[in-house]
Amino acid sequence: MIGLLHSYIPITAASVDNGLLNNGCFLDALGLVPHVFLLFSTFPILFIGWGSQSSKVHIHHSTWLHFPGHNLRWLLTVVLLFVLVCEIAEGIVSDGFNQSRHLHLYMPAGLGMLAAITSIVYYHNIETSNFPKLLIALLIYWTLAFITKTIKFVKYDDHGIGLMQLRFCITGLLALLYGLLLGVEVNVILRRRYMWFPCPTEVKPPDDLQDLGVRFLQPFVNLLSKSTYWWMNTFITSAHKRPIDLKTIGKLPISMRALTNFQRLRKAFDAQAEKGPVPLKGSRWIWLALRQAFGRPLVLSITFRFIADLLGFAGPLCISGIVHHISSDNHSALPPVKLLGVHFISSEAFLANAYVLAVLLFLALLLQRTFLQASYYVAIETGIKLRAAIQTKIYHKIMRLCTSNMSMGDMTTAQICSLVARDTNHLMWFFFLCPNLWAMPVQIVMGVLLLYSLLGVSALIGATVIVILAPLQYFVATRLSRAQKSTLEYTSERLKKTNELLRGIKLLKLYAWEHIFRSSVEETRRQELRNLRTFALYTSLSIFMNAAIPIAAVLTIFAVHVHVHSGTDFDLSPAVAFGSLSLFHILVTPLFLLSSVLHSTVKALVSVQKLSEFLGSTEIEIDQDPVVQTTIVNGYFTWTQGCPTLSNIDIKVPFGQLTMIVGQVGCGKSSLLLAALGEMQKISGNITWNNILTACVFRKRGSVAYASQRPWLLNATVEENILFDMAPNEKRYKEVIEVCQLQPDIDTLPQGDQTVIGERGIILSGGQRQRICVARALYQHTNVVFLDDPFSALDIHLSDHLMREGILKLLRQEKRTVVLVTHKLQYLPHADWIIAMRDGTVQTQGTLKDIQCAEPELFEQWRTLMNRQDKRAFKDTLLLFFMYSHTVYLSLDCEFSHSSYLQVFCGLCALGIVLCLVTSLAVEWTGLRVSRELHCSLLRTIVLAPMRLFETTPLGNILNRFSADTNTIDQHIPVTLECLSRSTLLCVSAVGVISYVTPLFLFALLPLAVACYFIQKYFRVASRDLQQLEDSTEMPLLSHYSQTIEGLTTIRAFRHEQRFKKKLLEHTDANNISSLFLMAANRWLEVRMEYIGAFVVLIAAVASISNALCSQLSAGLVGLGLTYALMVSNYLNWIVRNLADMEVHLGCVKRVSGLIHTQPESYDGLMTPAQVPAGWPKYGEIQIKNLSVRYDSSLKPVLRHVSAHIRPGQKVGICGRTGSGKSSFSLALFRMLDTIEGNRIIDGIDIAKLPLQTLRSKFSIILQDPILFSGTIRFNLDPERKATDQMLWEALEIAQLMPVVKALPGGLDAMVTEGGENFSQGQRQLFCLARAFVRKSSILIMDEATASIDMATESILQKVVMTAFADRTVVTIAVSPCTSLNYCTLYKTTQQGSSTLALKLTCE
C-alpha cells in the first residue's frame, strides 16, 4: 500500500505547497484507509470462524433476521456498489484522456467495492450467528469512510469542481451513502443495546423459524436471497435426488396459512358491514373487502412493476447510444476539464462512451429483471392468499347453508365445487395480472414519448395507427371472451352429463342405456369442440393482431420518417432505427397482454358476482347448547319459498324415551327430523330444546347423533367412520360392533376395520353402509339420537337384533332420547311416544294406547299391517331354520440502416405475421383433432369397461380424466407446443444473428450454454414434482367440499363443523404450499435465465463494440445484434418453462391413454342380434347350472357351484343376510361378473352366447340404491323414448306416483334435479319401480326395491305387481323372504354363497 502511495505522488504533483489535502492523489489514497481497515479486521472473523457462534434456540440460523434496518442496509449496499461501479468506470474513462496512467482514479473505488461486498457478507454472518458486538468493526468502517469521502467532497468544492463534473457528484453520493449506513449502524446500537448499555435488548425468534417444519423461507431470508431466490438452491437440487412430497415442502408460515388470511378477510367484511348494511346481492362490497384485506401487497407489486418498466426503457436508450457512439458523427460530447492534475469528465461525456453504456445496460437489465420477478412474486403470493381466504369463506358459508338450496336444485354440489375450483382461481389470476392494468398505460405513454424524442412527429403518427386499430383488437378480444364463455358453458354441461353417467353407470349397463348417455355426452362434446375451434380462431387472430399492430405502426413511422426527412439531418440513422425497434418491442408487451388482462378481468367480475350470490344465499340458525327434550309449537316449515312442506306441527319429544315417527312415503317424516335439526326454512312457530336436568329452556341445541336415510360415509377406514373423531373406547367400540352385527363384515375386509372403504363407501354393500352409519350414531356420547329409517337395507334378523340390542337396550340404558323414523310397524309396541305423519302434517301423536282410543281406524290399519309383518317374520324364521338345518346354500425476426431496405423490411414483416397466424391455427386445430379422438376413445372405453373398474377406482379420478386432463389436452398442450417451438426457433435465430455480427460471442456461448443446461435440468425435475403435487393436493380439497355438502346435515347434527373446518384448512394449506413452492421455483428459473440473458447482452455489446472500433463493423449490424440480444433472456425463459409445462401436460395424455387401454367387457357374442329370436325371452324360464362367478380374476368366487331352475311366470325370492351374495346372483344374470364355470340358460339360449347389449336390453331390474338423472320425469322413465304417455302414466299409477306427478307443474315434463334431490328417498325408489314397469320385459329383477317404502304402500304394490306381472318371471332380492311379494319359490343365500335349494310355498 505504501508502494502504491509512492507511485501516486510523483505522477500527480511536483509540490504540495498548499498541503496534502489539496493534492488529488493524496485524497484518493486517503480513501483507502477505511477499506484496508475493514478487510484486515473482518477477514479473521470470516475465515477463522468467530462468526459461527449460534443461538442455542433451534431455528433456521441462515434465515433469522436479527438486527433492525436489515432491508435498508441491503438496499443502501446495492446502491453503494452501483455508485462504486460508476466511480471505477468514470476513473477509467477519465484516465483515457491522460498521457500517463493514474491508478488512483479507479483503484480506490475497486478496493471500496471489495470492502462493500465484504461488509455485507460480514454483516450476514454476524447476523445469523447472533453476535452483534462484532458489528463494532462496521461502525468504525462507516465512520472512517464517511469522514474521508466528506473531506474529499469539501476539497473538490474548494477547488471549483462542481456539478458539471461527474466525479464531484459521485463523491457526494458516496459520502451520503456512507453517512446513511453509519446511521443504520447507530440505529442497531440504540435498538439492540448490545454495547454502551447495561442491559441488551432480548429478541425472541419468530415462531415460524422455531418450527423446523416450516421450509418455505422466502419471507425470512435476506434481501439478496429474496430477490434471487438463493434459498431455493438446495431445494431445487435435492429434487434431483429424491421426489418432492408434502413432507419435503413442510408447512406454511403462519402469515400465509388459510386461517390467517381468512381472518383478515373476515375483518374486512366486518368493516364493510359496520359502514352500513351489507347488500345480499351485488359485488361491490366484496371488491371493497378484498381491497382492504389484500390491497397493500398489491400496491407493492404495482410499485415494483413501475420500477421494472421504467428500467426496461434503458435497453433501447443504451442501444441507441452505443450505435451512435460507434458512428462516424459521434463528436457531440464536451471535452474533459483538467483540475488537480487529472482530467474531470462530465456526465454527458461519460454516457457517450459505448463501453460505459454496455455496462449500464447490463446493470439496468439485472435490476429490471429483479424488480419484475419481485412484482410477479408478490402478486402471485397475494393471489394464493386471497384464494385460500375465499375458499375458507365459502366453506364457512357451506356450514351455514340451508339444505333446501341444494335439494331443490337452486344450487348443486358441482356448482359449489366449480365456485371453489374455478372462480377462486379466476380471482387469483386476476390479482396476478392486476399490476398490468396499471403498468400498461405507463409503458405505452413512456414508449410514445421516447419514440417522439427519437423520431419526432412520425412517432405520433405511429401511435395514431395503434389507436385506430385498437377497436379492432378490442373486437377480437370481445369475441374471444364470448367464445370462451360459451365453451365453458358446454364444458360444464358435458361434465355434468359425464358425472351422471359415471354415478349411474351400473344402472345404465343393466338397462343397456350406455349408448344413449354416451351419445348425449358426445353431442355436447361436439358443440364444445365447435366452440373450441371458434376460440382457437379468435386466439390466433388475437396473436396476429398483437404482432401486426406494432409492426404496422413501425412500418408507418419508418415510411413517414423516410419520406419526410430523406436527405436531411434527421434521416433514419441506425441509432434511431434500432432504438425505435427496441422501443416497439417493449410496446408489444402491453398490447399482447391486453387481451389476457381483459379476459381475466371479465372472469373475475363474473366470479365475484357468483360469489356474491352464493354468500347471499339463505342460511340456517347455528346454535350450541346442550339438549335433552325437543318441542315444536305451531311450526310451519318449507324447503322453498311457497307453500309449506310441513304445516301446523305441534309435537313433543319426551326426554330419555323412544319416539317413533311413521307414515306413508312422502308424508314428511324425514322433513320433520330435519326441521327439528334446523335444516328447513321456518315460516312460523317455535322450536324449543328443553334441558330437564337444569330446568332451563333453550331455543338452541347441541350435538345430535344422526343417522340419515341415505348413508353418508367418509373416505376413511371403518373404524374412523364409526369413531367419528371421538376418543377410542375399546369396550364401547366392540359393543357397538356387536349390536350392529358388523364383525362378520369386518372379517371379510382386507385390513379389517382399518380398511379404507373408498369414496361413498364404494366397496361396501348398502346394508353394510347403513349399519356403519347407525354404529356411528350409537357410539357417540350424545343425549339425543335421530335415526332416519335405519332398517331399510337390513334383513329381518339384523333389524330385530339392532332394535333389541341397540335401541331398546343400549340406548335406553343410557337414558338417551331416541327419535326413530321407520316403516316397520311391528316395532310400534316398543315406542314410548308415536308421531303419525300424513301429507305434511301430524295426523296424531301419543302412546300406542292413546292412538288406539283417539284414532281407532288408524290403529286397526296398523294392527293389520303389524300382524301381516309378524306372520311373515314367523315364516321367515321357520324357513331359515329349515334351510340351515339342511345345510343348503345359494350364493353369489434483418438489418436495414437506409430507406432503400424499407420494402424488404415490410415484406419480411408481413410474411412473418401471416405465417404466425397460419402456424397458430394449424397447431390449435391439429391439437383439437387429437383431443377429440382421445376424448371419444376415453368415453367409449369407460362406457364399455367392466364394473370392477368403477368399484376399485375413485369416481373423482375417472372424472378428472374428463375434466382437468381433457381441458389440458384441449387448450394447454397446443398453446404450449406452439410457444415451445416458436421460442426455440427465435432463440436459435437470435444466437445465430449475434454470432454472425460478433463471432467472438461463440467463445462465451459455451459456458452460458452449460449453465442453462444444468439450470433447466434441475428445474424440470422440481417443476414436474411440484406440479404433480399441486394437482394431487387439489383433489382431496375438492373432495372435502363435495363430501361435506353431501353429509352437511349429519355434520351439523353432530356439531362437528369445527372439525371439518380444521380439516379444510389442512387441505387448503397443503395445496397452497405446493402452489407457493411451484411459483418460487418458476421465479428461481426466470431470475437465473434473465441474468444469463443480461450476460449475453453484455458480452454481445462489448464484443460488437470492440469489433466495430477495430474492424469497422457497420453500426447497423451492431444495432441488429444488440436488439436480438435483448430478447434472448425471454426466449430462454420460455423454452425451459414450456419444456417443463409440456412434460407435465403430457402426463395428462399418459393418464388418459392408460385408462383407454382398460380391457372392456365382452360385448360381442357367438350369436349376432339378428340370430336372436324375435320377442326373446318370451316365457322367462331361467336355468342355472353349476355356476361360479367372481368380481375379478384376482378375487375369490362370490358364487360357487350354484344351480337353480326358475319356471316361466314364477315369483322367486332370494334372501340372506347383508353381504351374502344376493345381489351378485342378480348381476350374474346380466353377465356383470366374471364367469368361472357354469351356464345360464334363458328360454333355451345360453346367455353367454348373446351380444351383451341384446341380453341386457331384454331384462328389467330395480336396484337397491335409487338413481335418478337430471332432466324430465319422462326422460327418467323412458330414455329410449319408446313408450307413449299412456304407458308412462300407467307405470306411475302402478308405482303409486300418479298423484305426486300430476301435482307437479308440467306433469311428465316436470324437472328432476341432480340425483333426484327434489324427491324423498322413498319417492325416488318408486320412480325406479315405475321405470322398470315401463320396459315390460318378461323377466323382472327387484333388488331390495321396496326397502325405503312404508308397509301400506308396499302392500298396495304387492297386489298391483302380482296383477301386472302375473304372467312374467319376477326375481326379488330381499333382506327377508316375504318383504315385497308373495312367492312360489324361495332361495336362501349364505355368506359362503354355495350349493342350492328350492323350497316351494303355497301362494297366499
# chains A, B, ... in the order shown; residues from 1 in each chain; ligands from 1
>>> residues_around(residues="Gln1028 of chain A", least_positions_apart="6", cutoff="12 Å", atoms="only C-alpha atoms", output="ChimeraX atom specification")
/A:243-246,1021-1022,1034-1035,1071,1074-1075,1078,1140-1141,1143-1148
>>> select_by_dssp(residues="segment 716-759 of chain A", states="helix (DSSP H, G or I)", output="list in words")
Val718, Glu719, Glu720, Asn721, Ile722, Leu723, Glu730, Lys731, Arg732, Tyr733, Lys734, Glu735, Val736, Ile737, Glu738, Val739, Gln743, Pro744, Asp745, Ile746, Asp747, Thr748, Gly752, Asp753, Gln754 and Glu759 of chain A
>>> atom_distance(atom1="atom CA of Pro68 of chain A", atom2="atom CA of Leu135 of chain A")
12.6 Å
>>> residues_around(residues="Leu357 of chain A", least_positions_apart="6", cutoff="9 Å", atoms="only C-alpha atoms", output="list in words")
Cys318, Ile319, Gly321, Ile322, Phe350 and Leu351 of chain A
>>> write_last_selection(atoms="N, CA, C and O atoms", output="compact mmCIF listing (two decimals), in the first residue's frame")
# COMPACT_ATOMS: atom_id res chain seq x y z
N CYS A 318 -29.83 2.74 -24.36
CA CYS A 318 -28.42 2.34 -24.40
C CYS A 318 -28.02 1.83 -25.77
O CYS A 318 -26.91 2.13 -26.26
N ILE A 319 -28.89 1.07 -26.43
CA ILE A 319 -28.58 0.58 -27.77
C ILE A 319 -28.43 1.76 -28.74
O ILE A 319 -27.50 1.83 -29.55
N GLY A 321 -27.55 4.77 -27.92
CA GLY A 321 -26.31 5.46 -27.57
C GLY A 321 -25.08 4.72 -28.06
O GLY A 321 -24.11 5.33 -28.53
N ILE A 322 -25.08 3.37 -27.95
CA ILE A 322 -23.94 2.57 -28.41
C ILE A 322 -23.77 2.70 -29.91
O ILE A 322 -22.66 2.93 -30.42
N PHE A 350 -19.34 10.99 -20.14
CA PHE A 350 -19.33 9.64 -19.56
C PHE A 350 -20.33 8.73 -20.26
O PHE A 350 -20.02 7.59 -20.64
N LEU A 351 -21.53 9.23 -20.46
CA LEU A 351 -22.58 8.42 -21.09
C LEU A 351 -22.43 8.32 -22.60
O LEU A 351 -23.15 7.56 -23.24
>>> residues_around(residues="Lys133 of chain A", least_positions_apart="3", cutoff="8 Å", atoms="only C-alpha atoms", output="list in words")
Ile136, Tyr194 and Met195 of chain A
>>> atom_distance(atom1="atom CA of Tyr229 of chain A", atom2="atom CA of Leu361 of chain A")
22.8 Å
>>> residues_around(residues="segment 954-969 of chain A", least_positions_apart="5", cutoff="10 Å", atoms="only C-alpha atoms", output="ChimeraX atom specification")
/A:491-492,494-495,498-499,502-503,715,758-760,762,927-928,930-932,934-935,938-939,942,949,974-975,1031,1035-1036,1038-1039,1144-1153,1155
>>> residues_around(residues="Thr143 of chain A", least_positions_apart="6", cutoff="8 Å", atoms="only C-alpha atoms", output="PDB file with N, CA, C and O atoms, in the first residue's frame")
ATOM      1  N   TYR A 178     -22.424   6.500   2.726  1.00  0.00           N
ATOM      2  CA  TYR A 178     -21.700   6.074   3.920  1.00  0.00           C
ATOM      3  C   TYR A 178     -22.325   6.676   5.173  1.00  0.00           C
ATOM      4  O   TYR A 178     -22.392   6.011   6.228  1.00  0.00           O
ATOM      5  N   GLY A 179     -22.808   7.918   5.060  1.00  0.00           N
ATOM      6  CA  GLY A 179     -23.474   8.518   6.205  1.00  0.00           C
ATOM      7  C   GLY A 179     -24.749   7.787   6.570  1.00  0.00           C
ATOM      8  O   GLY A 179     -25.038   7.562   7.750  1.00  0.00           O
ATOM      9  N   LEU A 182     -23.876   4.584   8.226  1.00  0.00           N
ATOM     10  CA  LEU A 182     -23.478   4.846   9.598  1.00  0.00           C
ATOM     11  C   LEU A 182     -24.701   5.035  10.487  1.00  0.00           C
ATOM     12  O   LEU A 182     -24.765   4.531  11.619  1.00  0.00           O
TER      13      LEU A 182
END
>>> residues_around(residues="Arg526 of chain A", least_positions_apart="3", cutoff="12 Å", atoms="only C-alpha atoms", output="list in words")
Thr487, Tyr490, Thr491, Glu493, Arg494, Ser519, Ser520, Val521, Glu522, Glu523, Leu529, Arg530, Asn531, Leu532, Arg533, Leu928, Arg929, Ser931, Arg932, Glu933, His935 and Cys936 of chain A
>>> closest_residue(among="A:Ser1129, A:Ser375, A:Asn721, A:Gln263", to="Cys987 of chain A", atoms="only C-alpha atoms")
A:Ser1129
>>> atom_distance(atom1="atom CA of Gly766 of chain A", atom2="atom CA of Pro790 of chain A")
11.3 Å
>>> select_by_dssp(residues="segment 295-395 of chain A", states="strand (DSSP E or B)", output="list of chain:residue names")
A:Val337, A:Lys338, A:Leu339, A:Val342, A:His343, A:Phe344
>>> closest_atom_pairs(of="segment 701-772 of chain A", to="segment 1255-1271 of chain A", cutoff="10 Å", atoms="only C-alpha atoms", output="CSV")
residue,atom,partner,partner_atom,distance
A:Arg710,CA,A:Asp1265,CA,9.0
A:Ser765,CA,A:Gln1264,CA,9.7
A:Gly766,CA,A:Gln1264,CA,7.5
A:Gly767,CA,A:Gln1264,CA,9.7
